[in-house]
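Novice: Okay, so here is my_file-v6.cif, and as you'll see once you scroll down, it has mmCIF, C-alpha atoms.
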```cif
data_query
loop_
_atom_site.label_atom_id
_atom_site.label_comp_id
_atom_site.auth_asym_id
_atom_site.auth_seq_id
_atom_site.Cartn_x
_atom_site.Cartn_y
_atom_site.Cartn_z
CA MET H 1 110.84 84.36 124.43
CA ILE H 2 107.20 83.65 123.59
CA GLY H 3 106.40 81.84 120.37
CA VAL H 4 103.17 82.92 118.69
CA ILE H 5 102.12 80.23 116.23
CA ASP H 6 101.33 81.76 112.85
CA TYR H 7 99.15 79.46 110.82
CA GLY H 8 97.58 82.07 108.58
CA LEU H 9 94.32 82.70 110.42
CA GLY H 10 93.21 85.97 111.90
CA ASN H 11 94.89 88.90 113.48
CA LEU H 12 98.09 88.35 115.45
CA ALA H 13 98.84 92.03 116.04
CA SER H 14 96.94 92.34 119.30
CA VAL H 15 98.36 89.15 120.78
CA VAL H 16 101.84 90.31 119.89
CA GLY H 17 101.12 93.83 121.20
CA ALA H 18 99.79 92.46 124.49
CA VAL H 19 102.73 90.10 125.06
CA GLU H 20 105.20 92.88 124.26
CA ARG H 21 103.40 95.29 126.56
CA LEU H 22 103.86 92.68 129.30
CA GLY H 23 107.59 92.81 128.76
CA HIS H 24 108.27 89.62 126.81
CA GLU H 25 109.98 89.12 123.51
CA VAL H 26 107.82 87.58 120.83
CA ALA H 27 108.61 85.45 117.82
CA VAL H 28 105.74 85.03 115.37
CA SER H 29 106.49 81.94 113.35
CA SER H 30 105.19 78.94 111.48
CA ASN H 31 108.60 77.32 111.58
CA PRO H 32 108.77 74.43 114.10
CA ASP H 33 112.51 74.93 114.66
CA GLU H 34 111.97 78.56 115.62
CA LEU H 35 108.97 77.76 117.79
CA ARG H 36 110.98 75.11 119.63
CA GLN H 37 113.33 77.86 120.87
CA ALA H 38 110.45 79.55 122.71
CA ASP H 39 109.83 79.24 126.45
CA LYS H 40 106.10 79.21 125.91
CA LEU H 41 103.70 79.03 123.01
CA ILE H 42 100.51 80.86 122.16
CA LEU H 43 98.07 79.36 119.65
CA PRO H 44 95.77 82.25 118.69
CA GLY H 45 93.31 82.26 115.86
CA VAL H 46 89.89 83.13 114.68
CA GLY H 47 88.09 81.40 111.87
CA ALA H 48 86.77 77.98 111.10
CA PHE H 49 88.01 74.81 112.83
CA GLY H 50 88.55 72.82 109.63
CA ASP H 51 90.63 75.59 108.07
CA GLY H 52 92.62 75.91 111.28
CA MET H 53 93.58 72.23 111.31
CA GLN H 54 94.23 72.26 107.57
CA ASN H 55 96.55 75.25 107.93
CA LEU H 56 98.45 73.63 110.82
CA ARG H 57 98.77 70.46 108.74
CA SER H 58 99.92 72.19 105.55
CA ARG H 59 102.63 74.01 107.49
CA GLY H 60 103.85 70.74 108.93
CA LEU H 61 103.13 71.91 112.46
CA ILE H 62 101.05 69.11 113.94
CA GLU H 63 103.76 66.55 114.73
CA PRO H 64 106.24 69.17 116.00
CA LEU H 65 103.54 70.73 118.20
CA ASN H 66 102.60 67.29 119.56
CA ASN H 67 106.25 66.77 120.47
CA MET H 68 106.66 70.18 122.06
CA VAL H 69 103.40 70.16 124.02
CA LEU H 70 102.94 66.49 124.89
CA GLY H 71 106.59 65.40 124.83
CA GLU H 72 108.58 68.36 126.12
CA ARG H 73 105.58 69.73 128.03
CA MET H 74 106.05 73.29 126.82
CA PRO H 75 103.35 75.55 128.28
CA ILE H 76 100.86 76.56 125.60
CA LEU H 77 97.89 78.90 125.65
CA GLY H 78 95.18 78.42 123.03
CA ILE H 79 92.95 81.43 122.45
CA CYS H 80 89.47 81.35 120.88
CA LEU H 81 89.78 79.03 117.85
CA GLY H 82 93.13 78.01 119.31
CA SER H 83 91.30 76.89 122.46
CA GLN H 84 89.04 74.69 120.37
CA LEU H 85 91.80 73.18 118.21
CA VAL H 86 93.30 71.49 121.29
CA SER H 87 90.14 69.34 121.51
CA ARG H 88 89.49 66.00 119.84
CA GLU H 89 86.97 66.99 117.21
CA SER H 90 84.55 69.62 115.95
CA GLU H 91 81.27 69.60 114.07
CA GLU H 92 81.81 73.05 112.55
CA PHE H 93 81.12 72.77 108.77
CA GLY H 94 81.37 68.97 108.82
CA HIS H 95 83.41 66.71 111.07
CA HIS H 96 87.04 67.59 111.74
CA GLU H 97 89.65 66.03 113.97
CA GLY H 98 91.48 68.35 116.32
CA LEU H 99 94.88 68.19 117.98
CA GLY H 100 93.32 65.92 120.61
CA TRP H 101 95.31 67.18 123.60
CA ILE H 102 92.16 67.76 125.68
CA ALA H 103 89.28 65.29 126.02
CA ALA H 104 86.65 67.64 124.65
CA SER H 105 84.58 68.26 121.53
CA VAL H 106 83.41 71.43 119.82
CA ARG H 107 79.68 71.99 119.35
CA ARG H 108 77.53 74.85 118.13
CA ILE H 109 76.17 77.21 120.77
CA MET H 110 72.49 76.42 121.26
CA PRO H 111 71.21 78.90 123.86
CA ASP H 112 68.27 77.64 125.91
CA ASN H 113 66.79 81.11 125.51
CA PRO H 114 65.80 81.87 121.89
CA ALA H 115 66.25 85.61 122.51
CA LEU H 116 70.01 85.06 122.80
CA ARG H 117 71.76 85.73 119.53
CA VAL H 118 74.51 83.65 117.95
CA PRO H 119 77.41 84.40 117.59
CA HIS H 120 77.95 85.15 121.26
CA VAL H 121 79.68 88.53 120.94
CA GLY H 122 80.70 90.83 123.75
CA TRP H 123 81.71 91.01 127.38
CA ASN H 124 80.59 88.22 129.64
CA GLU H 125 81.67 86.65 132.91
CA LEU H 126 84.35 84.12 133.58
CA PHE H 127 83.25 82.03 136.56
CA GLN H 128 86.27 80.37 138.11
CA THR H 129 85.28 76.79 138.85
CA ARG H 130 88.62 75.90 140.40
CA ASP H 131 91.98 77.44 141.20
CA SER H 132 94.29 78.10 138.31
CA VAL H 133 97.48 80.06 138.06
CA LEU H 134 95.75 81.96 135.24
CA PHE H 135 93.32 83.57 137.68
CA GLU H 136 95.75 84.97 140.25
CA GLY H 137 94.68 88.51 141.15
CA ILE H 138 91.57 88.32 138.97
CA PRO H 139 88.23 88.54 140.82
CA ASN H 140 85.82 85.68 140.17
CA GLY H 141 83.13 86.75 137.70
CA SER H 142 85.34 89.29 135.91
CA LEU H 143 84.28 90.23 132.39
CA PHE H 144 86.14 89.08 129.30
CA TYR H 145 85.51 89.54 125.58
CA TYR H 146 83.99 86.57 123.76
CA VAL H 147 83.22 86.14 120.07
CA HIS H 148 82.25 82.66 118.91
CA SER H 149 79.46 80.48 117.53
CA TYR H 150 80.94 77.17 118.73
CA ARG H 151 82.01 76.10 122.20
CA LEU H 152 83.82 73.30 123.95
CA VAL H 153 82.09 70.35 125.57
CA ALA H 154 84.55 68.72 128.00
CA GLU H 155 84.34 65.00 128.69
CA SER H 156 85.45 65.58 132.26
CA ALA H 157 85.10 68.65 134.48
CA ASP H 158 88.72 68.07 135.61
CA VAL H 159 90.17 70.04 132.72
CA VAL H 160 87.75 72.97 133.11
CA ALA H 161 89.05 75.88 135.17
CA GLY H 162 86.36 78.44 134.36
CA GLU H 163 82.96 78.69 132.76
CA CYS H 164 80.78 81.26 131.03
CA ASP H 165 76.99 81.29 130.89
CA TYR H 166 75.26 82.10 127.63
CA GLY H 167 71.96 80.25 127.59
CA GLY H 168 73.76 77.44 129.41
CA ARG H 169 77.19 77.09 130.93
CA PHE H 170 80.18 76.13 128.82
CA PRO H 171 83.92 75.77 129.47
CA ALA H 172 85.56 79.17 129.00
CA ALA H 173 88.98 78.41 130.49
CA ILE H 174 90.85 75.10 130.37
CA GLN H 175 93.88 73.99 132.27
CA SER H 176 95.32 70.53 132.04
CA GLY H 177 98.95 70.38 133.08
CA ASN H 178 100.94 72.57 130.69
CA ILE H 179 97.96 73.09 128.37
CA TYR H 180 95.94 76.28 128.88
CA ALA H 181 93.06 77.52 126.76
CA THR H 182 90.58 80.38 126.85
CA GLN H 183 87.49 80.73 124.68
CA PHE H 184 87.53 84.48 125.35
CA HIS H 185 90.22 86.83 124.06
CA PRO H 186 92.52 87.93 126.90
CA GLU H 187 94.33 90.24 124.45
CA LYS H 188 91.00 92.03 123.83
CA SER H 189 89.83 92.11 127.43
CA GLN H 190 91.68 95.15 128.75
CA GLN H 191 93.14 94.94 132.26
CA HIS H 192 91.75 91.58 133.36
CA GLY H 193 92.81 90.10 130.05
CA LEU H 194 96.33 91.46 130.33
CA ASN H 195 96.54 90.16 133.91
CA LEU H 196 95.47 86.69 132.83
CA LEU H 197 97.97 86.73 129.99
CA LYS H 198 100.67 87.91 132.39
CA ASN H 199 99.85 85.01 134.72
CA PHE H 200 100.35 82.58 131.86
CA LEU H 201 103.57 84.24 130.71
CA ASP H 202 105.08 84.56 134.19
CA LYS H 203 103.75 81.51 135.99
CA GLY H 204 102.17 79.14 133.47
CA MET D 1 75.09 87.70 131.56
CA LEU D 2 76.22 89.17 128.26
CA ARG D 3 76.66 92.93 128.63
CA SER D 4 75.27 95.46 126.18
CA ARG D 5 78.15 97.13 124.40
CA LEU D 6 78.99 100.78 123.97
CA VAL D 7 80.96 101.11 120.74
CA THR D 8 82.96 104.08 119.55
CA VAL D 9 82.88 104.64 115.80
CA LEU D 10 85.73 106.74 114.45
CA THR D 11 85.71 107.95 110.86
CA PHE D 12 88.99 108.88 109.18
CA ASN D 13 89.88 110.80 106.05
CA GLU D 14 93.53 110.49 104.98
CA GLY D 15 94.32 109.42 108.53
CA VAL D 16 92.56 112.40 110.15
CA LEU D 17 89.56 111.88 112.40
CA PHE D 18 86.25 113.12 111.05
CA ARG D 19 83.38 113.76 113.37
CA THR D 20 80.67 111.96 111.46
CA LYS D 21 80.00 110.77 108.00
CA LEU D 22 78.98 114.39 107.34
CA PHE D 23 82.68 115.05 106.80
CA GLN D 24 83.67 117.60 109.39
CA PRO D 25 87.37 117.28 110.10
CA ASP D 26 88.62 117.30 113.68
CA TYR D 27 92.32 117.41 114.31
CA ARG D 28 92.23 117.40 118.10
CA TYR D 29 91.57 113.75 118.68
CA THR D 30 94.10 111.04 118.15
CA VAL D 31 94.73 107.49 119.18
CA ASN D 32 96.04 108.77 122.52
CA PHE D 33 92.55 109.55 123.60
CA VAL D 34 91.30 106.01 123.35
CA ASP D 35 94.19 104.37 125.14
CA ALA D 36 92.47 104.12 128.50
CA TRP D 37 88.80 104.27 127.66
CA SER D 38 86.37 101.87 129.14
CA VAL D 39 84.83 101.68 125.70
CA ASP D 40 83.82 98.09 124.84
CA GLU D 41 84.80 98.05 121.21
CA ILE D 42 86.17 100.37 118.54
CA VAL D 43 85.12 100.68 114.92
CA VAL D 44 87.38 102.65 112.60
CA LEU D 45 86.19 103.55 109.12
CA ASP D 46 88.15 105.05 106.26
CA VAL D 47 86.22 107.50 104.10
CA THR D 48 89.21 108.67 102.07
CA ARG D 49 88.21 109.28 98.46
CA PRO D 50 90.42 108.92 95.42
CA LYS D 51 92.54 111.90 94.44
CA PRO D 52 91.12 113.71 91.38
CA GLU D 53 94.00 112.61 89.14
CA SER D 54 93.87 108.99 90.25
CA GLU D 55 91.36 106.21 90.77
CA VAL D 56 93.34 104.57 93.52
CA ILE D 57 92.66 105.37 97.15
CA ASP D 58 95.75 105.67 99.29
CA ARG D 59 94.91 103.71 102.44
CA ALA D 60 98.40 103.91 103.94
CA PRO D 61 97.54 106.73 106.41
CA PHE D 62 94.45 104.82 107.54
CA PHE D 63 96.37 101.56 107.93
CA ASP D 64 98.82 103.42 110.19
CA VAL D 65 95.86 104.45 112.31
CA VAL D 66 94.61 100.85 112.51
CA ARG D 67 98.08 99.61 113.46
CA GLN D 68 98.29 102.10 116.32
CA PHE D 69 94.88 101.15 117.64
CA ALA D 70 95.62 97.43 117.38
CA ARG D 71 98.83 97.69 119.34
CA ARG D 72 97.57 100.03 122.03
CA CYS D 73 93.90 99.35 122.64
CA PHE D 74 93.21 95.95 124.11
CA VAL D 75 89.61 95.88 122.99
CA PRO D 76 88.08 94.47 119.81
CA LEU D 77 88.79 96.53 116.74
CA ALA D 78 86.66 96.52 113.60
CA ALA D 79 87.84 98.33 110.50
CA GLY D 80 86.27 99.16 107.16
CA GLY D 81 86.34 101.42 104.16
CA GLY D 82 86.11 100.48 100.50
CA ILE D 83 86.43 96.73 101.04
CA ARG D 84 85.62 95.02 97.76
CA THR D 85 87.63 91.79 97.73
CA LEU D 86 88.95 89.07 99.99
CA ASP D 87 92.44 90.53 99.39
CA ASP D 88 91.23 93.82 100.85
CA VAL D 89 90.03 91.93 103.92
CA THR D 90 93.36 90.18 104.32
CA ARG D 91 95.10 93.57 104.15
CA PHE D 92 92.82 95.07 106.82
CA LEU D 93 93.37 92.07 109.11
CA SER D 94 97.11 92.12 108.56
CA VAL D 95 97.36 95.67 109.96
CA GLY D 96 95.53 94.60 113.11
CA ALA D 97 91.76 94.60 112.60
CA ASP D 98 89.88 91.78 114.32
CA LYS D 99 86.92 92.11 112.00
CA VAL D 100 86.00 94.03 108.91
CA VAL D 101 83.05 96.24 108.15
CA VAL D 102 81.61 95.84 104.66
CA ASN D 103 78.96 98.05 103.12
CA THR D 104 78.92 99.07 99.46
CA GLY D 105 81.24 96.19 98.51
CA ALA D 106 78.66 93.72 99.84
CA ILE D 107 75.79 95.48 98.05
CA GLU D 108 77.69 95.24 94.77
CA ASN D 109 78.76 91.66 95.41
CA PRO D 110 76.87 89.86 98.20
CA ASP D 111 79.12 86.80 97.79
CA LEU D 112 81.88 88.86 99.37
CA ILE D 113 80.16 88.22 102.72
CA SER D 114 80.30 84.44 102.32
CA GLN D 115 83.88 84.57 101.05
CA ILE D 116 84.96 86.40 104.19
CA ALA D 117 82.91 84.13 106.46
CA GLU D 118 84.30 80.97 104.89
CA THR D 119 87.89 82.16 105.14
CA TYR D 120 87.97 84.07 108.41
CA GLY D 121 84.76 83.00 110.14
CA THR D 122 81.41 84.71 110.50
CA GLN D 123 82.59 86.71 113.51
CA CYS D 124 84.96 88.52 111.15
CA VAL D 125 82.22 90.13 109.03
CA VAL D 126 80.18 93.10 110.15
CA LEU D 127 77.60 94.05 107.54
CA SER D 128 77.10 97.81 107.70
CA ILE D 129 73.77 99.01 106.36
CA ASP D 130 73.01 102.69 105.79
CA ALA D 131 69.27 103.28 105.50
CA LYS D 132 67.08 106.26 104.80
CA LYS D 133 63.37 106.73 105.35
CA THR D 134 61.54 107.21 102.07
CA ASP D 135 57.86 107.58 101.22
CA ALA D 136 57.72 103.86 100.56
CA GLY D 137 59.42 102.83 103.82
CA TYR D 138 63.10 102.33 104.61
CA GLU D 139 65.65 101.87 101.84
CA VAL D 140 69.30 100.83 101.88
CA PHE D 141 71.74 103.30 100.34
CA GLY D 142 75.28 102.49 99.23
CA SER D 143 78.32 104.62 98.37
CA PHE D 144 78.42 106.74 101.56
CA GLY D 145 74.64 106.93 101.60
CA GLY D 146 74.52 108.46 98.15
CA LYS D 147 73.18 105.65 96.02
CA PRO D 148 69.73 104.08 96.43
CA THR D 149 69.66 100.31 96.11
CA GLY D 150 65.99 99.42 96.15
CA LEU D 151 66.72 97.03 99.04
CA ALA D 152 64.74 97.03 102.26
CA PRO D 153 67.08 97.03 105.28
CA GLU D 154 65.28 94.10 106.96
CA ALA D 155 65.58 91.95 103.85
CA TRP D 156 69.20 92.94 103.20
CA ALA D 157 70.15 92.22 106.82
CA LYS D 158 68.47 88.81 106.65
CA ARG D 159 70.25 87.98 103.40
CA GLY D 160 73.54 89.17 104.89
CA ALA D 161 73.10 86.95 107.93
CA GLU D 162 72.31 83.98 105.71
CA LEU D 163 75.45 84.66 103.69
CA GLY D 164 77.52 84.58 106.89
CA ALA D 165 77.64 88.05 108.43
CA GLY D 166 78.34 87.85 112.17
CA GLU D 167 76.87 91.22 113.10
CA ILE D 168 74.81 93.97 111.51
CA LEU D 169 75.67 97.66 111.95
CA ILE D 170 72.54 99.64 111.09
CA THR D 171 72.90 103.37 110.56
CA SER D 172 70.10 105.83 109.99
CA ILE D 173 71.37 108.30 107.41
CA ASP D 174 68.64 110.74 108.46
CA ARG D 175 69.77 110.72 112.08
CA ASP D 176 73.55 110.49 111.56
CA GLY D 177 75.18 113.56 113.10
CA SER D 178 71.82 114.93 114.28
CA LEU D 179 72.27 114.09 118.01
CA SER D 180 68.47 113.69 118.08
CA GLY D 181 68.46 110.00 118.96
CA TYR D 182 68.65 106.74 117.05
CA ASP D 183 66.00 105.57 114.61
CA LEU D 184 64.67 102.90 116.97
CA ASP D 185 62.00 101.63 114.62
CA LEU D 186 64.60 100.96 111.92
CA CYS D 187 66.84 99.06 114.34
CA LYS D 188 64.00 97.02 115.78
CA ARG D 189 62.86 95.96 112.30
CA VAL D 190 66.37 94.83 111.47
CA ALA D 191 66.93 93.13 114.85
CA ASN D 192 63.70 91.19 114.45
CA SER D 193 64.71 89.96 111.01
CA VAL D 194 68.01 88.32 112.09
CA GLY D 195 69.37 86.11 114.86
CA ILE D 196 72.79 87.78 114.92
CA PRO D 197 73.70 90.81 117.06
CA VAL D 198 72.70 94.23 115.73
CA LEU D 199 74.64 97.44 116.44
CA ILE D 200 72.66 100.67 116.24
CA SER D 201 74.30 103.83 114.94
CA GLY D 202 73.42 107.34 113.86
CA GLY D 203 71.95 110.01 116.09
CA ALA D 204 73.11 109.37 119.66
CA GLY D 205 73.21 112.71 121.45
CA ASN D 206 72.74 111.85 125.11
CA TRP D 207 72.88 108.92 127.51
CA GLN D 208 69.14 108.22 127.34
CA HIS D 209 69.56 107.55 123.61
CA PHE D 210 71.94 104.69 124.46
CA VAL D 211 69.36 103.23 126.85
CA ASP D 212 66.65 103.54 124.21
CA GLY D 213 68.84 101.87 121.58
CA ILE D 214 69.12 98.75 123.72
CA ALA D 215 65.71 98.75 125.43
CA LYS D 216 63.53 99.95 122.55
CA GLY D 217 65.69 99.42 119.47
CA GLU D 218 66.60 95.87 120.62
CA ALA D 219 70.24 96.47 119.71
CA ALA D 220 73.06 94.39 121.23
CA ALA D 221 75.36 97.39 121.05
CA VAL D 222 74.99 101.15 120.79
CA CYS D 223 77.42 103.20 118.73
CA THR D 224 78.49 106.79 119.01
CA SER D 225 80.63 108.89 116.72
CA ASN D 226 80.07 112.05 118.72
CA ILE D 227 83.46 113.42 119.80
CA TYR D 228 82.01 114.73 123.03
CA HIS D 229 81.46 111.11 124.03
CA PHE D 230 85.13 110.31 123.43
CA THR D 231 86.58 110.77 126.87
CA GLU D 232 87.16 108.37 129.71
CA THR D 233 84.75 110.26 131.97
CA SER D 234 81.99 110.50 129.39
CA ILE D 235 82.13 106.77 128.60
CA LYS D 236 82.01 105.94 132.32
CA SER D 237 79.23 108.42 132.93
CA ALA D 238 77.23 106.99 130.01
CA LYS D 239 77.65 103.45 131.31
CA THR D 240 76.69 104.42 134.85
CA PHE D 241 73.55 106.03 133.44
CA MET D 242 72.77 102.88 131.43
CA ALA D 243 73.31 100.64 134.45
CA LYS D 244 70.94 102.75 136.54
CA ALA D 245 68.36 102.39 133.78
CA GLY D 246 68.65 98.60 134.10
CA ILE D 247 70.89 97.91 131.07
CA PRO D 248 73.63 95.39 131.86
CA VAL D 249 76.92 97.07 130.95
CA ARG D 250 80.60 96.63 131.74
CA ILE D 251 81.72 99.41 134.05
#
```
Translate this file's structure into structure tokens.
Specialist:
Amino acid sequence: MIGVIDYGLGNLASVVGAVERLGHEVAVSSNPDELRQADKLILPGVGAFGDGMQNLRSRGLIEPLNNMVLGERMPILGICLGSQLVSRESEEFGHHEGLGWIAASVRRIMPDNPALRVPHVGWNELFQTRDSVLFEGIPNGSLFYYVHSYRLVAESADVVAGECDYGGRFPAAIQSGNIYATQFHPEKSQQHGLNLLKNFLDKG
Amino acid sequence: MLRSRLVTVLTFNEGVLFRTKLFQPDYRYTVNFVDAWSVDEIVVLDVTRPKPESEVIDRAPFFDVVRQFARRCFVPLAAGGGIRTLDDVTRFLSVGADKVVVNTGAIENPDLISQIAETYGTQCVVLSIDAKKTDAGYEVFGSFGGKPTGLAPEAWAKRGAELGAGEILITSIDRDGSLSGYDLDLCKRVANSVGIPVLISGGAGNWQHFVDGIAKGEAAAVCTSNIYHFTETSIKSAKTFMAKAGIPVRI
């Protein structure tokens, strides 16, 4: 069973639909005891970083998630805002501390080409910078759907599995042990997205 | 490189697909037809009007449509229709929309844009602008294009972006349903007034119009609500045409 963490931000229907289509049972929950029963966790989310952390905090999820992810080493996939929340801190609308599982920060996209618009919205490449179980069967440079104004800056390239280029390269896929994260939306990226999600669900 | 998007805009009345905002019903096309499309994004709009005896619009049939799309189409889904409050937005998101399209509600209350952006992020708000050419230049119209606002589309788009809109959907009322091509001048004016992506809509009749929308209209995405573009082969054929014309697209 896959636990989708519900912390009151954004649309969970497509994540749930995608996981179900891939043949897994889903429990959408903000209850740590229910989430602990899951084999794997997905931390979705769109919205602002500060609100995301605040919502996790107000639901009493931060300590339980720390225990599950860092203690019990449950596999977790952060998507979009979820991929940013696993970092140490963000400068979106002020300074906010993140979950701190990955040595990275969140910074605004500043394209080196002024013709590039922000937010970065649409289909763009995922360049695989190293092997990851997430990428099995997915050609390097495949297109995924991105929608974001902020991006991760990793302190070490070790945690970065894939990058995207939008007026400069940025980490688009993270893997560090049991912690996986994608800036793009696999649940919105048709076949390649479903394949990547399937890799996480089956092999992550 | 970021690809230019081809976006399908579907307009619904009481859960039934309408061909354009000109209100011609079409019962042949359902959610089944978009299941396998290589379309990059889907916009669904509800144009249901209140029943004569009531002031309330029944959105249940439309929400069923959104739910079906959300569960079956693994591409981004934007939804709109009569959104006036943050509660409306929450309702649209809860049935599976990734982002909402606001139009008249934002004209009446521009703060709605910032409320949505602050709660759900800027990427969640698409500001839809319907504009008509008048003797004095372009003017924004609200209420299904029926009500003049005195606003210039460039200025309204700029204000919308400042308030937190993540994208602008600009529709030429004059061209909508005409199949005679987009109003490129209108789109270019709007695109040059904002730093956020602009989607061009209204008038696409052939593949060259898509190319023009990107190359001459400076749009990030081209929209079609022409049912003859709603097949797997037509979307692929359109994208192949665009790629040959030098537009980066996802094929």
Novice: Kindly resolve the PyMOL selection byres ((chain D) within 6 of (chain H)) on the present coordinates and return the residues as a list in words.
Specialist: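 With the PyMOL selection byres ((chain D) within 6 of (chain H)) on this model, the match is Met1, Leu2, Arg3, Ala70, Arg71, Phe74, Val75, Pro76, Leu93, Gly96, Asp98, Tyr120, Gly121, Gly195, Ile196 and Pro197 of chain D.
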Novice: For a quick check of your reading of the model, name the residues lying within 8 Å of the coordinate (86.0, 103.2, 110.7), counting only C-alpha atoms, and write them as a ChimeraX atom specification.
Specialist: /D:9-12,43-47,78-81,101
Novice: Grab the atom CA of H:Gly71 to atom CA of H:Gly177 distance for me, in Å with one decimal place.
Specialist: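 Computed distance, atom CA of H:Gly71 to atom CA of H:Gly177, equals 12.3 Å.
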Novice: Once the PyMOL selection byres ((chain D and resi 102-117) around 6) has been applied to the shown file, what residues remain in the selection, as JSON, numbers by chain?
Specialist: {"D": [83, 84, 101, 118, 119, 120, 121, 122, 127, 128, 142, 143, 163, 164]}
Novice: Pick the closest to H:Ser58 from H:Ile138, H:Thr129, H:Tyr7, H:Arg108: which is it, counting only C-alpha atoms?
Specialist: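 For H:Ser58, the nearest of the given residues is H:Tyr7.
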Novice: Name the residues that the PyMOL selection byres ((chain H and resi 162) around 8) picks from the file above, as a list of chain:residue names, using the file's chain letters and numbers.
Specialist: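 Expected selection for the PyMOL selection byres ((chain H and resi 162) around 8) here is H:Leu126, H:Phe127, H:Gln128, H:Thr129, H:Arg130, H:Val160, H:Ala161, H:Glu163, H:Cys164, H:Pro171, H:Ala172, H:Ala173, H:Ile174.
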Novice: Find the axis-aligned box for stretch 136-145 of chain D, covering all its listed atoms and adding 6 Å on each side, and write its centre and edge lengths in Å to one decimal as AutoDock Vina command-line options.
Specialist:
```
--center_x 68.1 --center_y 103.9 --center_z 101.5 --size_x 32.7 --size_y 18.1 --size_z 18.2
```
Novice: Assuming the input is short of atoms at stretch 101-113 of chain D, produce N, CA and C atoms for that part as a compact mmCIF listing (two decimals), keeping the file's coordinate frame.
Specialist:
```txt
# COMPACT_ATOMS: atom_id res chain seq x y z
N VAL D 101 84.37 95.69 108.38
CA VAL D 101 83.05 96.24 108.15
C VAL D 101 82.88 96.39 106.64
N VAL D 102 81.86 95.72 106.10
CA VAL D 102 81.61 95.84 104.66
C VAL D 102 80.27 96.53 104.45
N ASN D 103 80.20 97.33 103.40
CA ASN D 103 78.96 98.05 103.12
C ASN D 103 78.68 98.01 101.63
N THR D 104 79.20 99.00 100.90
CA THR D 104 78.92 99.07 99.46
C THR D 104 79.47 97.85 98.72
N GLY D 105 80.63 97.36 99.15
CA GLY D 105 81.24 96.19 98.51
C GLY D 105 80.32 94.97 98.58
N ALA D 106 79.57 94.85 99.68
CA ALA D 106 78.66 93.72 99.84
C ALA D 106 77.39 93.93 99.03
N ILE D 107 76.98 95.21 98.88
CA ILE D 107 75.79 95.48 98.05
C ILE D 107 76.10 95.11 96.60
N GLU D 108 77.31 95.52 96.16
CA GLU D 108 77.69 95.24 94.77
C GLU D 108 77.92 93.76 94.53
N ASN D 109 78.43 93.07 95.56
CA ASN D 109 78.76 91.66 95.41
C ASN D 109 78.49 90.94 96.73
N PRO D 110 77.23 90.50 96.92
CA PRO D 110 76.87 89.86 98.20
C PRO D 110 77.75 88.65 98.55
N ASP D 111 78.28 87.97 97.52
CA ASP D 111 79.12 86.80 97.79
C ASP D 111 80.36 87.15 98.60
N LEU D 112 80.73 88.44 98.57
CA LEU D 112 81.88 88.86 99.37
C LEU D 112 81.68 88.46 100.83
N ILE D 113 80.44 88.56 101.32
CA ILE D 113 80.16 88.22 102.72
C ILE D 113 80.50 86.75 102.98
```
